[in-house]
file coords-v5.txt (compact mmCIF, C-alpha atoms)
# COMPACT_ATOMS: atom_id res chain seq x y z
CA MET A 1473 3.54 -33.61 -24.27
CA ASN A 1474 3.41 -29.83 -24.67
CA GLU A 1475 4.38 -27.79 -21.62
CA LYS A 1476 1.78 -25.44 -20.19
CA PRO A 1477 2.33 -21.74 -20.97
CA LEU A 1478 4.00 -19.71 -18.23
CA ILE A 1479 2.83 -16.72 -16.19
CA VAL A 1480 5.56 -14.81 -14.31
CA ILE A 1481 4.59 -12.49 -11.46
CA SER A 1482 7.39 -10.28 -10.15
CA ALA A 1483 7.24 -8.75 -6.66
CA VAL A 1484 10.83 -8.84 -5.39
CA ARG A 1485 10.65 -5.55 -3.44
CA TYR A 1486 7.86 -6.40 -1.05
CA PHE A 1487 8.26 -7.61 2.51
CA ARG A 1488 5.41 -6.17 4.63
CA GLY A 1489 2.26 -4.09 4.73
CA GLY A 1490 -0.49 -3.58 2.19
CA THR A 1491 1.69 -4.66 -0.72
CA ILE A 1492 2.01 -8.16 0.76
CA VAL A 1493 -1.79 -8.34 1.04
CA ILE A 1494 -2.20 -7.40 -2.62
CA VAL A 1495 0.32 -10.02 -3.75
CA ASP A 1496 -1.22 -12.73 -1.56
CA ASP A 1497 -4.68 -11.99 -2.97
CA CYS A 1498 -3.30 -12.23 -6.50
CA LEU A 1499 -1.53 -15.52 -5.78
CA GLU A 1500 -4.61 -17.03 -4.19
CA TYR A 1501 -6.55 -16.38 -7.39
CA VAL A 1502 -3.93 -17.71 -9.83
CA SER A 1503 -3.31 -20.76 -7.64
CA LYS A 1504 -6.99 -21.72 -7.56
CA HIS A 1505 -8.07 -20.72 -11.04
CA LEU A 1506 -5.12 -20.49 -13.43
CA SER A 1507 -2.62 -23.13 -12.30
CA GLN A 1508 -4.50 -25.87 -14.16
CA ILE A 1509 -3.90 -24.05 -17.44
CA TYR A 1510 -0.63 -22.19 -16.78
CA ARG A 1511 2.62 -22.73 -14.94
CA ILE A 1512 3.07 -19.98 -12.35
CA LYS A 1513 6.43 -18.52 -11.27
CA VAL A 1514 6.49 -15.81 -8.63
CA LEU A 1515 9.65 -13.75 -8.06
CA VAL A 1516 9.95 -12.58 -4.45
CA TYR A 1517 12.38 -11.25 -1.88
CA GLN A 1518 11.63 -14.03 0.62
CA LYS A 1519 8.96 -16.66 0.00
CA GLU A 1520 8.28 -17.01 3.74
CA LYS A 1521 6.66 -13.55 3.60
CA PHE A 1522 3.83 -14.92 1.45
CA ILE A 1523 1.13 -17.56 1.84
CA HIS A 1524 2.40 -20.85 0.42
CA HIS A 1525 0.69 -22.46 -2.58
CA ASP A 1526 1.75 -25.88 -3.88
CA GLU A 1527 0.72 -24.89 -7.40
CA ILE A 1528 3.13 -21.93 -7.49
CA GLU A 1529 6.91 -21.95 -7.90
CA PHE A 1530 8.53 -19.22 -5.81
CA VAL A 1531 11.91 -17.88 -6.94
CA GLU A 1532 13.75 -15.91 -4.25
CA PHE A 1533 15.99 -12.86 -4.73
CA PRO A 1534 17.35 -12.21 -1.21
CA LYS A 1535 19.46 -9.23 -2.30
CA ALA A 1536 16.49 -7.37 -3.75
CA ARG A 1537 16.22 -5.05 -0.76
CA HIS A 1538 19.95 -4.51 -0.25
CA SER A 1539 20.25 -1.51 -2.55
CA LEU A 1540 18.84 0.28 -5.58
CA PHE A 1541 21.71 -1.22 -7.57
CA PHE A 1542 20.35 -4.75 -7.13
CA ARG A 1543 16.82 -3.58 -7.87
CA LEU A 1544 17.88 -2.07 -11.17
CA TYR A 1545 20.13 -5.02 -12.01
CA TYR A 1546 17.27 -7.47 -11.54
CA GLU A 1547 14.69 -5.41 -13.42
CA TYR A 1548 16.78 -4.47 -16.44
CA PHE A 1549 19.42 -7.19 -16.80
CA LEU A 1550 18.78 -10.44 -14.93
CA PHE A 1551 15.05 -10.59 -15.67
CA LYS A 1552 15.80 -10.13 -19.36
CA LYS A 1553 17.99 -13.25 -19.29
CA LEU A 1554 15.38 -15.18 -17.34
CA SER A 1555 12.58 -14.17 -19.69
CA ALA A 1556 14.60 -15.33 -22.71
CA LYS A 1557 15.04 -18.69 -20.99
CA TRP A 1558 11.49 -19.07 -19.66
CA LYS A 1559 9.56 -17.57 -22.64
CA PRO A 1560 6.51 -16.48 -20.59
CA LYS A 1561 3.04 -15.95 -21.96
CA LEU A 1562 2.46 -13.12 -19.44
CA TRP A 1563 4.88 -11.16 -17.28
CA LEU A 1564 2.97 -9.21 -14.64
CA SER A 1565 5.04 -6.82 -12.53
CA LEU A 1566 3.27 -6.04 -9.26
CA GLN A 1567 5.86 -3.43 -8.25
CA ASP A 1568 5.46 -0.35 -10.45
CA THR A 1569 8.43 -0.98 -12.73
CA THR A 1570 8.33 -2.31 -16.27
CA PRO A 1571 11.18 -4.85 -16.39
CA ASN A 1572 13.24 -5.25 -19.54
CA VAL A 1573 11.85 -8.67 -20.47
CA THR A 1574 10.64 -10.62 -23.46
CA ALA A 1575 7.07 -11.86 -23.07
CA GLU A 1576 4.01 -12.26 -25.25
CA ILE A 1577 2.12 -9.96 -22.89
CA GLN A 1578 3.43 -7.47 -20.33
CA ALA A 1579 1.51 -5.59 -17.66
CA VAL A 1580 2.40 -3.58 -14.58
CA TYR A 1581 0.50 -2.90 -11.36
CA PHE A 1582 1.33 0.61 -10.17
CA HIS A 1583 0.98 1.40 -6.46
CA ASN A 1584 3.78 3.60 -5.20
CA PRO A 1585 2.81 7.21 -4.43
CA LEU A 1586 6.33 8.71 -4.49
CA LEU A 1587 5.83 9.84 -8.07
CA ILE A 1588 3.93 12.87 -6.75
CA LEU A 1589 6.21 13.49 -3.76
CA LYS A 1590 6.35 17.19 -2.88
CA LYS A 1591 8.42 19.22 -0.39
CA LEU A 1592 11.62 17.53 -1.65
CA ARG A 1593 13.98 19.60 0.48
CA LYS A 1594 12.22 18.55 3.68
CA THR A 1595 12.16 14.90 2.60
CA VAL A 1596 15.89 14.95 1.84
CA THR A 1597 16.50 16.02 5.42
CA ILE A 1598 14.17 13.46 7.00
CA GLN A 1599 14.67 10.39 4.79
CA PRO A 1600 17.18 10.94 1.96
CA ARG A 1601 16.62 7.45 0.50
CA LEU A 1602 13.13 8.43 -0.64
CA ILE A 1603 14.57 11.01 -3.02
CA GLY A 1604 16.52 8.32 -4.84
CA ILE A 1605 13.34 6.33 -5.32
CA TRP A 1606 11.45 9.46 -6.43
CA PHE A 1607 14.18 10.14 -9.02
CA LEU A 1608 13.79 6.61 -10.41
CA TYR A 1609 10.05 7.11 -10.90
CA LYS A 1610 10.64 10.42 -12.66
CA THR A 1611 13.37 9.08 -14.96
CA ILE A 1612 14.43 5.45 -15.30
CA TYR A 1613 11.10 3.81 -14.46
CA LYS A 1614 9.32 5.64 -17.27
CA SER A 1615 11.51 3.66 -19.68
CA GLY A 1616 9.50 0.91 -21.31
CA ILE A 1617 6.19 1.68 -19.63
CA THR A 1618 4.49 1.89 -23.04
CA LYS A 1619 5.51 -1.75 -23.66
CA ASN A 1620 2.78 -2.85 -21.29
CA LYS A 1621 -0.51 -4.01 -22.67
CA TYR A 1622 -2.08 -2.50 -19.58
CA VAL A 1623 -1.00 -0.42 -16.59
CA VAL A 1624 -3.12 -1.21 -13.53
CA VAL A 1625 -3.82 1.50 -10.93
CA GLN A 1626 -5.88 1.50 -7.75
CA GLN A 1627 -7.63 4.86 -8.08
CA LYS A 1628 -9.00 7.27 -10.66
CA GLN A 1629 -6.58 9.97 -9.45
CA TRP A 1630 -3.65 7.69 -10.41
CA GLN A 1631 -5.07 7.09 -13.85
CA ASP A 1632 -4.98 10.87 -14.29
CA VAL A 1633 -1.43 11.17 -12.85
CA LEU A 1634 0.04 8.46 -15.10
CA GLN A 1635 -1.73 9.80 -18.16
CA LYS A 1636 -0.12 13.18 -17.57
CA THR A 1637 3.30 11.97 -16.39
CA TYR A 1638 3.95 9.16 -18.86
CA HIS A 1639 1.61 10.23 -21.69
CA LEU A 1640 -0.34 6.97 -21.57
CA SER A 1641 -3.70 6.58 -23.25
CA ALA A 1642 -6.72 6.15 -20.99
CA SER A 1643 -7.52 2.82 -22.67
CA LYS A 1644 -4.19 1.39 -21.47
CA LEU A 1645 -4.89 2.30 -17.83
CA LEU A 1646 -7.13 0.00 -15.81
CA ILE A 1647 -8.59 1.06 -12.46
CA PHE A 1648 -8.65 -1.86 -10.02
CA PRO A 1649 -9.68 -0.81 -6.48
CA PRO A 1650 -8.45 -3.30 -3.86
CA LYS A 1651 -11.07 -5.60 -2.39
CA ILE A 1652 -10.62 -6.47 1.28
CA SER A 1653 -11.80 -9.74 2.81
CA PRO A 1654 -12.87 -9.81 6.47
CA TYR A 1655 -10.29 -11.32 8.81
CA PRO A 1656 -11.78 -13.27 11.74
CA VAL A 1657 -10.63 -12.18 15.21
CA GLU A 1658 -12.05 -12.55 18.70
CA LYS A 1659 -14.01 -9.60 20.04
CA THR A 1660 -12.26 -7.68 22.80
CA GLU A 1661 -13.31 -4.82 25.07
CA THR A 1662 -11.04 -1.89 25.93
CA SER A 1663 -11.35 0.15 29.11
CA ILE A 1664 -9.62 3.22 27.66
CA TYR A 1665 -10.36 5.03 24.41
CA THR A 1666 -7.91 3.71 21.81
CA PHE A 1667 -6.74 5.21 18.52
CA ILE A 1668 -4.71 3.31 15.94
CA PHE A 1669 -2.44 4.26 13.05
CA SER A 1670 -0.96 1.49 10.91
CA ALA A 1671 1.57 2.38 8.21
CA THR A 1672 5.09 1.68 7.00
CA ALA A 1673 7.88 3.64 8.70
CA LEU A 1674 8.25 6.36 6.06
CA ALA A 1675 8.36 10.14 6.42
CA HIS A 1676 5.41 10.79 4.13
CA LYS A 1677 3.19 8.64 6.35
CA ASN A 1678 3.26 11.65 8.70
CA PHE A 1679 3.73 9.96 12.07
CA LYS A 1680 5.02 13.22 13.50
CA ILE A 1681 1.66 14.98 13.28
CA VAL A 1682 0.12 12.25 15.47
CA CYS A 1683 2.86 12.73 18.07
CA GLU A 1684 2.38 16.51 18.04
CA ALA A 1685 -1.39 16.15 18.40
CA CYS A 1686 -0.91 13.87 21.41
CA MET A 1687 1.34 16.47 23.06
CA LEU A 1688 -1.50 18.97 22.72
CA LEU A 1689 -4.19 16.50 23.75
CA ASN A 1690 -2.36 15.66 26.97
CA LYS A 1691 -3.06 19.20 28.17
CA LYS A 1692 -6.77 18.26 28.21
CA THR A 1693 -6.75 14.55 29.05
CA ASP A 1694 -4.44 11.60 29.35
CA LEU A 1695 -7.22 8.99 29.34
CA TYR A 1696 -6.50 7.53 25.91
CA LYS A 1697 -3.84 5.62 24.02
CA VAL A 1698 -2.59 5.50 20.44
CA LEU A 1699 -1.39 2.26 18.89
CA LEU A 1700 1.30 2.96 16.29
CA VAL A 1701 1.83 -0.24 14.32
CA ILE A 1702 5.60 0.10 13.98
CA SER A 1703 8.37 -1.10 16.28
CA GLY A 1704 10.00 2.32 16.61
CA THR A 1705 13.37 0.99 15.46
CA GLU A 1706 12.83 0.67 11.69
CA ASN A 1707 15.00 3.64 10.69
CA LYS A 1708 16.58 6.87 11.96
CA TYR A 1709 13.45 8.93 11.26
CA ILE A 1710 11.17 6.72 13.36
CA ASN A 1711 13.79 6.16 16.06
CA LYS A 1712 14.17 9.93 16.45
CA LEU A 1713 10.41 10.41 16.82
CA LYS A 1714 10.22 7.70 19.46
CA LYS A 1715 12.96 9.38 21.50
CA GLN A 1716 11.55 12.88 21.00
CA TYR A 1717 7.95 12.10 21.98
CA LYS A 1718 8.17 9.98 25.11
CA LEU A 1719 4.48 9.84 25.94
CA PRO A 1720 2.94 6.86 27.76
CA GLN A 1721 -0.10 7.18 25.49
CA LEU A 1722 2.01 6.38 22.39
CA GLN A 1723 2.38 2.62 22.21
CA PHE A 1724 4.58 1.14 19.50
CA LYS A 1725 3.39 -2.25 18.22
CA LYS A 1726 5.66 -4.17 15.87
CA PHE A 1727 3.85 -5.47 12.78
CA SER A 1728 3.90 -9.26 12.98
CA GLY A 1729 1.20 -10.31 10.55
CA ARG A 1730 -2.42 -9.66 9.60
CA SER A 1731 -3.80 -11.66 12.51
CA ASP A 1732 -2.22 -9.33 15.07
CA LEU A 1733 -3.05 -6.26 12.98
CA PHE A 1734 -6.75 -7.10 12.89
CA GLN A 1735 -6.64 -7.79 16.60
CA TYR A 1736 -5.30 -4.24 17.07
CA TYR A 1737 -8.13 -2.94 14.88
CA ASN A 1738 -10.59 -4.84 17.04
CA GLN A 1739 -9.15 -3.29 20.22
CA SER A 1740 -9.34 0.25 18.80
CA ASN A 1741 -12.18 2.75 18.88
CA CYS A 1742 -10.96 5.08 16.13
CA MET A 1743 -8.37 5.17 13.36
CA ILE A 1744 -6.10 8.15 12.70
CA PHE A 1745 -4.72 8.25 9.17
CA PRO A 1746 -2.61 11.37 8.43
CA SER A 1747 -0.58 9.98 5.52
CA LEU A 1748 0.37 12.56 2.89
CA LEU A 1749 0.83 10.11 0.03
CA GLU A 1750 -1.07 6.92 -0.86
CA THR A 1751 -2.21 5.07 -3.93
CA TRP A 1752 -5.04 3.61 -1.86
CA GLY A 1753 -4.38 3.34 1.89
CA LEU A 1754 -5.27 -0.28 2.64
CA PRO A 1755 -5.61 0.17 6.44
CA LEU A 1756 -8.50 2.56 5.76
CA SER A 1757 -10.44 -0.15 3.95
CA GLU A 1758 -9.54 -2.73 6.57
CA PHE A 1759 -10.63 -0.55 9.48
CA ALA A 1760 -13.78 0.67 7.73
CA MET A 1761 -15.06 -2.92 7.77
CA GLN A 1762 -15.43 -2.47 11.54
CA ASN A 1763 -17.76 0.51 11.00
CA LYS A 1764 -15.81 2.64 13.47
CA PRO A 1765 -14.81 6.34 13.26
CA ILE A 1766 -11.84 7.33 11.09
CA ILE A 1767 -10.03 10.68 11.34
CA CYS A 1768 -8.28 10.97 8.00
CA ALA A 1769 -6.14 13.37 5.98
CA ASN A 1770 -8.26 15.57 3.75
CA LEU A 1771 -6.59 14.46 0.52
CA PRO A 1772 -7.85 13.02 -2.81
CA TYR A 1773 -6.72 9.43 -2.15
CA ALA A 1774 -8.76 9.32 1.07
CA LYS A 1775 -11.91 10.67 -0.60
CA GLU A 1776 -11.79 7.79 -3.09
CA THR A 1777 -10.79 5.04 -0.65
CA LEU A 1778 -13.47 6.05 1.86
CA ALA A 1779 -16.10 6.72 -0.79
CA ASN A 1780 -19.53 6.99 0.83
CA TYR A 1781 -18.21 5.89 4.25
CA GLU A 1782 -20.45 7.40 6.92
CA LYS A 1783 -18.03 7.65 9.86
CA VAL A 1784 -15.14 9.71 8.52
CA LYS A 1785 -13.83 13.09 9.64
CA PHE A 1786 -11.31 14.77 7.33
CA PHE A 1787 -8.60 17.07 8.68
CA ASN A 1788 -5.67 19.14 7.43
CA PRO A 1789 -2.72 16.70 7.72
CA TYR A 1790 -0.34 19.59 8.49
CA ASP A 1791 -2.42 20.92 11.41
CA ALA A 1792 -1.75 19.14 14.72
CA GLN A 1793 -4.23 21.39 16.55
CA GLU A 1794 -7.09 20.38 14.27
CA LEU A 1795 -6.22 16.70 14.69
CA GLU A 1796 -6.08 17.13 18.47
CA ASN A 1797 -9.52 18.78 18.46
CA TYR A 1798 -11.05 15.85 16.59
CA MET A 1799 -9.29 13.28 18.80
CA PHE A 1800 -10.69 15.01 21.90
CA ALA A 1801 -14.16 15.07 20.35
CA ALA A 1802 -13.90 11.35 19.53
CA ILE A 1803 -12.90 10.48 23.10
CA ASN A 1804 -15.99 12.34 24.34
CA ASP A 1805 -18.28 10.80 21.70
CA LYS A 1806 -18.86 14.22 20.11
CA LEU A 1807 -17.10 13.75 16.77
CA SER A 1808 -19.25 14.86 13.84
CA PHE A 1809 -18.72 13.17 10.49
CA ASP A 1810 -18.29 14.49 6.94
CA LYS A 1811 -20.34 13.44 3.95
CA ASN A 1812 -18.17 11.89 1.26
CA PRO A 1813 -20.18 10.96 -1.85
CA PHE A 1814 -18.14 9.40 -4.66
CA GLN A 1815 -18.93 7.47 -7.81
CA TYR A 1816 -16.71 6.26 -10.66
CA SER A 1817 -17.52 7.77 -14.03
CA GLN A 1818 -16.25 4.69 -15.91
CA PRO A 1819 -16.19 0.91 -15.45
CA VAL A 1820 -13.51 -0.42 -13.09
CA ILE A 1821 -11.98 -3.87 -12.65
CA GLN A 1822 -13.88 -5.70 -9.91
CA ASN A 1823 -11.62 -8.67 -9.10
CA TRP A 1824 -8.53 -10.67 -10.09
CA GLU A 1825 -10.57 -12.91 -12.38
CA GLU A 1826 -11.67 -9.92 -14.43
CA LEU A 1827 -8.13 -8.52 -14.51
CA PHE A 1828 -6.43 -11.71 -15.69
CA SER A 1829 -9.19 -12.31 -18.22
CA LYS A 1830 -8.45 -8.89 -19.70
CA LEU A 1831 -4.67 -9.39 -19.59
CA LEU A 1832 -4.72 -12.82 -21.23
CA THR A 1833 -7.26 -12.03 -23.93
CA GLU A 1834 -5.43 -11.41 -27.19

call {"tool": "encode", "arguments": {"input": "coords-v5.txt", "output": "structure tokens"}}
result
Amino acid sequence: MNEKPLIVISAVRYFRGGTIVIVDDCLEYVSKHLSQIYRIKVLVYQKEKFIHHDEIEFVEFPKARHSLFFRLYYEYFLFKKLSAKWKPKLWLSLQDTTPNVTAEIQAVYFHNPLLILKKLRKTVTIQPRLIGIWFLYKTIYKSGITKNKYVVVQQKQWQDVLQKTYHLSASKLLIFPPKISPYPVEKTETSIYTFIFSATALAHKNFKIVCEACMLLNKKTDLYKVLLVISGTENKYINKLKKQYKLPQLQFKKFSGRSDLFQYYNQSNCMIFPSLLETWGLPLSEFAMQNKPIICANLPYAKETLANYEKVKFFNPYDAQELENYMFAAINDKLSFDKNPFQYSQPVIQNWEELFSKLLTE
């Protein structure tokens, strides 16, 4: 009896946040719709981080997050050996890099914004590790990217960036905006106006501007709170901010899964999203489902993610005073919103079914 052809999905870097959501959505589709035709192997850091599927074989790489050395070793040496042994029909990398593998079809899903990281000197001071990752995207990661049948991006702006950076043809780049499913939570009422900001503990997420705005806002009112969905102990950068801005209004909430996150959304009146770099900004889409106000960085990624959303106010993400003004207006129900019309000028991928159909069609 002939063995079913194999699909390999690699995602060994991911352990929390929007990336986990993307991978879980992908695995749900392949489990339900492709596992009858294909064998599915998924390469992960820890399988407990993902929703379990009986139809999928998880292969763990627990050292994947130990250092850049292990990341490069896996991508360019170990995966090559595994691909020679497994002989996959499709190798889909969900983590930006094009591994050195042998497969009938290769594709990569690109969603790390560090490629366009600016203000390098400041970033070196705040979080030096990010510069190493930025260097990889500028140099080593460009190796082999043309081997992919398709490179999948989340936004039109990233199609433009990758075309320019890696000299890829537009036909090789597929735009696949994330689709968010509602997450059921119990309705709760809050007695005090509540803001929320959910992001990974990285310097370019711009947590500091929120802290500075709260310092200014406290001169006008202290009847509010801000939920920061981080523990405050993730790294030196975040730990320093927590010690520097000891305000009772700033409440650190450790991320412990989507259920708790959506409960935080439900408890909140308004989202603040000052991030300087995103390939999408999944919390924006998640919070927008609640039809509540969002005060967001006035940057291209946000204009596309919040396309046509009617309750958004854009602000300069380097201006704490402007953010404070809008927070104060929101508390007093006087926040005016910006119009944000947006329409794609070309067809985009609508779902995982459409993507895999395109990838697997010879």

call {"tool": "residues_around", "arguments": {"input": "coords-v5.txt", "residues": "region 1694-1705 of chain A", "least_positions_apart": "2", "cutoff": "6 Å", "atoms": "all atoms listed in the file", "output": "tab-separated table (two decimals) with C-alpha atoms, in the frame of the given file"}}
result
chain	number	residue	atom	x	y	z
A	1664	ILE	CA	-9.62	3.22	27.66
A	1665	TYR	CA	-10.36	5.03	24.41
A	1666	THR	CA	-7.91	3.71	21.81
A	1667	PHE	CA	-6.74	5.21	18.52
A	1668	ILE	CA	-4.71	3.31	15.94
A	1669	PHE	CA	-2.44	4.26	13.05
A	1670	SER	CA	-0.96	1.49	10.91
A	1690	ASN	CA	-2.36	15.66	26.97
A	1707	ASN	CA	15.00	3.64	10.69
A	1710	ILE	CA	11.17	6.72	13.36
A	1711	ASN	CA	13.79	6.16	16.06
A	1721	GLN	CA	-0.10	7.18	25.49
A	1722	LEU	CA	2.01	6.38	22.39
A	1723	GLN	CA	2.38	2.62	22.21
A	1724	PHE	CA	4.58	1.14	19.50
A	1725	LYS	CA	3.39	-2.25	18.22
A	1726	LYS	CA	5.66	-4.17	15.87
A	1727	PHE	CA	3.85	-5.47	12.78

call {"tool": "closest_residue", "arguments": {"input": "coords-v5.txt", "among": "A:Asp1568, A:Glu1529, A:Glu1758, A:Glu1520", "to": "Ser1653 (chain A)", "atoms": "all atoms listed in the file"}}
result
A:Glu1758

call {"tool": "closest_residue", "arguments": {"input": "coords-v5.txt", "among": "A:Thr1662, A:Gln1631, A:Gln1793, A:Gln1822", "to": "Glu1684 (chain A)", "atoms": "all atoms listed in the file"}}
result
A:Gln1793

call {"tool": "closest_residue", "arguments": {"input": "coords-v5.txt", "among": "A:Lys1714, A:Lys1651, A:Lys1692, A:Lys1830", "to": "Ser1757 (chain A)", "atoms": "only C-alpha atoms"}}
result
A:Lys1651

call {"tool": "residues_around", "arguments": {"input": "coords-v5.txt", "residues": "Gln1818 (chain A)", "least_positions_apart": "4", "cutoff": "12 Å", "atoms": "all atoms listed in the file", "output": "list in words"}}
result
Gln1627, Lys1628, Gln1631, Ala1642, Ser1643, Leu1645, Leu1646, Ile1647 and Phe1648 of chain A

call {"tool": "write_last_selection", "arguments": {"input": "coords-v5.txt", "atoms": "C-alpha atoms", "output": "PDB file, keeping the file's coordinate frame"}}
result
ATOM      1  CA  GLN A1627      -7.630   4.860  -8.080  1.00  0.00           C
ATOM      2  CA  LYS A1628      -9.000   7.270 -10.660  1.00  0.00           C
ATOM      3  CA  GLN A1631      -5.070   7.090 -13.850  1.00  0.00           C
ATOM      4  CA  ALA A1642      -6.720   6.150 -20.990  1.00  0.00           C
ATOM      5  CA  SER A1643      -7.520   2.820 -22.670  1.00  0.00           C
ATOM      6  CA  LEU A1645      -4.890   2.300 -17.830  1.00  0.00           C
ATOM      7  CA  LEU A1646      -7.130   0.000 -15.810  1.00  0.00           C
ATOM      8  CA  ILE A1647      -8.590   1.060 -12.460  1.00  0.00           C
ATOM      9  CA  PHE A1648      -8.650  -1.860 -10.020  1.00  0.00           C
TER      10      PHE A1648
END

call {"tool": "residues_near_point", "arguments": {"input": "coords-v5.txt", "point": "(11.6, -13.0, -10.0)", "cutoff": "9 Å", "atoms": "only C-alpha atoms", "output": "ChimeraX atom specification"}}
result
/A:1480-1484,1513-1517,1530-1533,1546-1547,1551,1554

call {"tool": "residues_around", "arguments": {"input": "coords-v5.txt", "residues": "Tyr1655 (chain A)", "least_positions_apart": "6", "cutoff": "12 Å", "atoms": "all atoms listed in the file", "output": "list in words"}}
result
Val1493, Gly1729, Arg1730, Ser1731, Asp1732, Leu1733, Phe1734, Gln1735, Tyr1736, Tyr1737, Asn1738, Glu1758, Phe1759, Met1761 and Gln1762 of chain A

call {"tool": "closest_residue", "arguments": {"input": "coords-v5.txt", "among": "A:Asn1797, A:Gln1815, A:Asn1823, A:Thr1569", "to": "Leu1689 (chain A)", "atoms": "all atoms listed in the file"}}
result
A:Asn1797

call {"tool": "closest_residue", "arguments": {"input": "coords-v5.txt", "among": "A:Ile1803, A:Leu1832, A:Ala1579, A:Val1820", "to": "Gln1626 (chain A)", "atoms": "only C-alpha atoms"}}
result
A:Val1820

call {"tool": "residues_near_point", "arguments": {"input": "coords-v5.txt", "point": "(-5.5, -8.1, -23.7)", "cutoff": "10 Å", "atoms": "all atoms listed in the file", "output": "VMD selection string"}}
result
chain A and resid 1577 to 1579 1621 to 1622 1644 1827 to 1834

call {"tool": "residues_around", "arguments": {"input": "coords-v5.txt", "residues": "Ala1801 (chain A)", "least_positions_apart": "3", "cutoff": "12 Å", "atoms": "all atoms listed in the file", "output": "number ranges by chain"}}
result
A: 1665, 1689, 1692-1693, 1742, 1765, 1767, 1785, 1794-1798, 1804-1809

call {"tool": "closest_residue", "arguments": {"input": "coords-v5.txt", "among": "A:Leu1566, A:Met1687, A:Ile1523, A:Ala1774", "to": "Asn1584 (chain A)", "atoms": "all atoms listed in the file"}}
result
A:Leu1566

call {"tool": "decode", "arguments": {"input": "coords-v5.txt", "residues": "region 1521-1550 of chain A", "atoms": "C-alpha atoms", "output": "compact mmCIF listing (two decimals), in the first residue's frame"}}
result
# COMPACT_ATOMS: atom_id res chain seq x y z
CA LYS A 1521 1.65 25.46 23.19
CA PHE A 1522 -0.68 24.39 20.39
CA ILE A 1523 -4.14 22.87 20.13
CA HIS A 1524 -3.82 19.09 19.88
CA HIS A 1525 -5.00 17.24 16.76
CA ASP A 1526 -4.93 13.43 16.55
CA GLU A 1527 -4.40 13.63 12.80
CA ILE A 1528 -1.16 15.62 13.15
CA GLU A 1529 2.27 14.40 14.24
CA PHE A 1530 4.07 17.04 16.30
CA VAL A 1531 7.87 16.98 16.36
CA GLU A 1532 9.40 19.03 19.18
CA PHE A 1533 12.63 21.04 19.10
CA PRO A 1534 13.00 22.26 22.72
CA LYS A 1535 16.29 24.06 22.05
CA ALA A 1536 14.80 26.20 19.28
CA ARG A 1537 14.51 29.26 21.50
CA HIS A 1538 17.83 28.83 23.32
CA SER A 1539 19.90 30.83 20.85
CA LEU A 1540 20.25 32.00 17.26
CA PHE A 1541 22.82 29.24 16.80
CA PHE A 1542 20.19 26.53 17.26
CA ARG A 1543 17.75 28.38 15.05
CA LEU A 1544 20.25 28.52 12.20
CA TYR A 1545 21.38 24.94 12.79
CA TYR A 1546 17.83 23.65 12.52
CA GLU A 1547 16.90 25.73 9.49
CA TYR A 1548 20.00 25.13 7.39
CA PHE A 1549 21.43 21.78 8.53
CA LEU A 1550 19.09 19.53 10.52
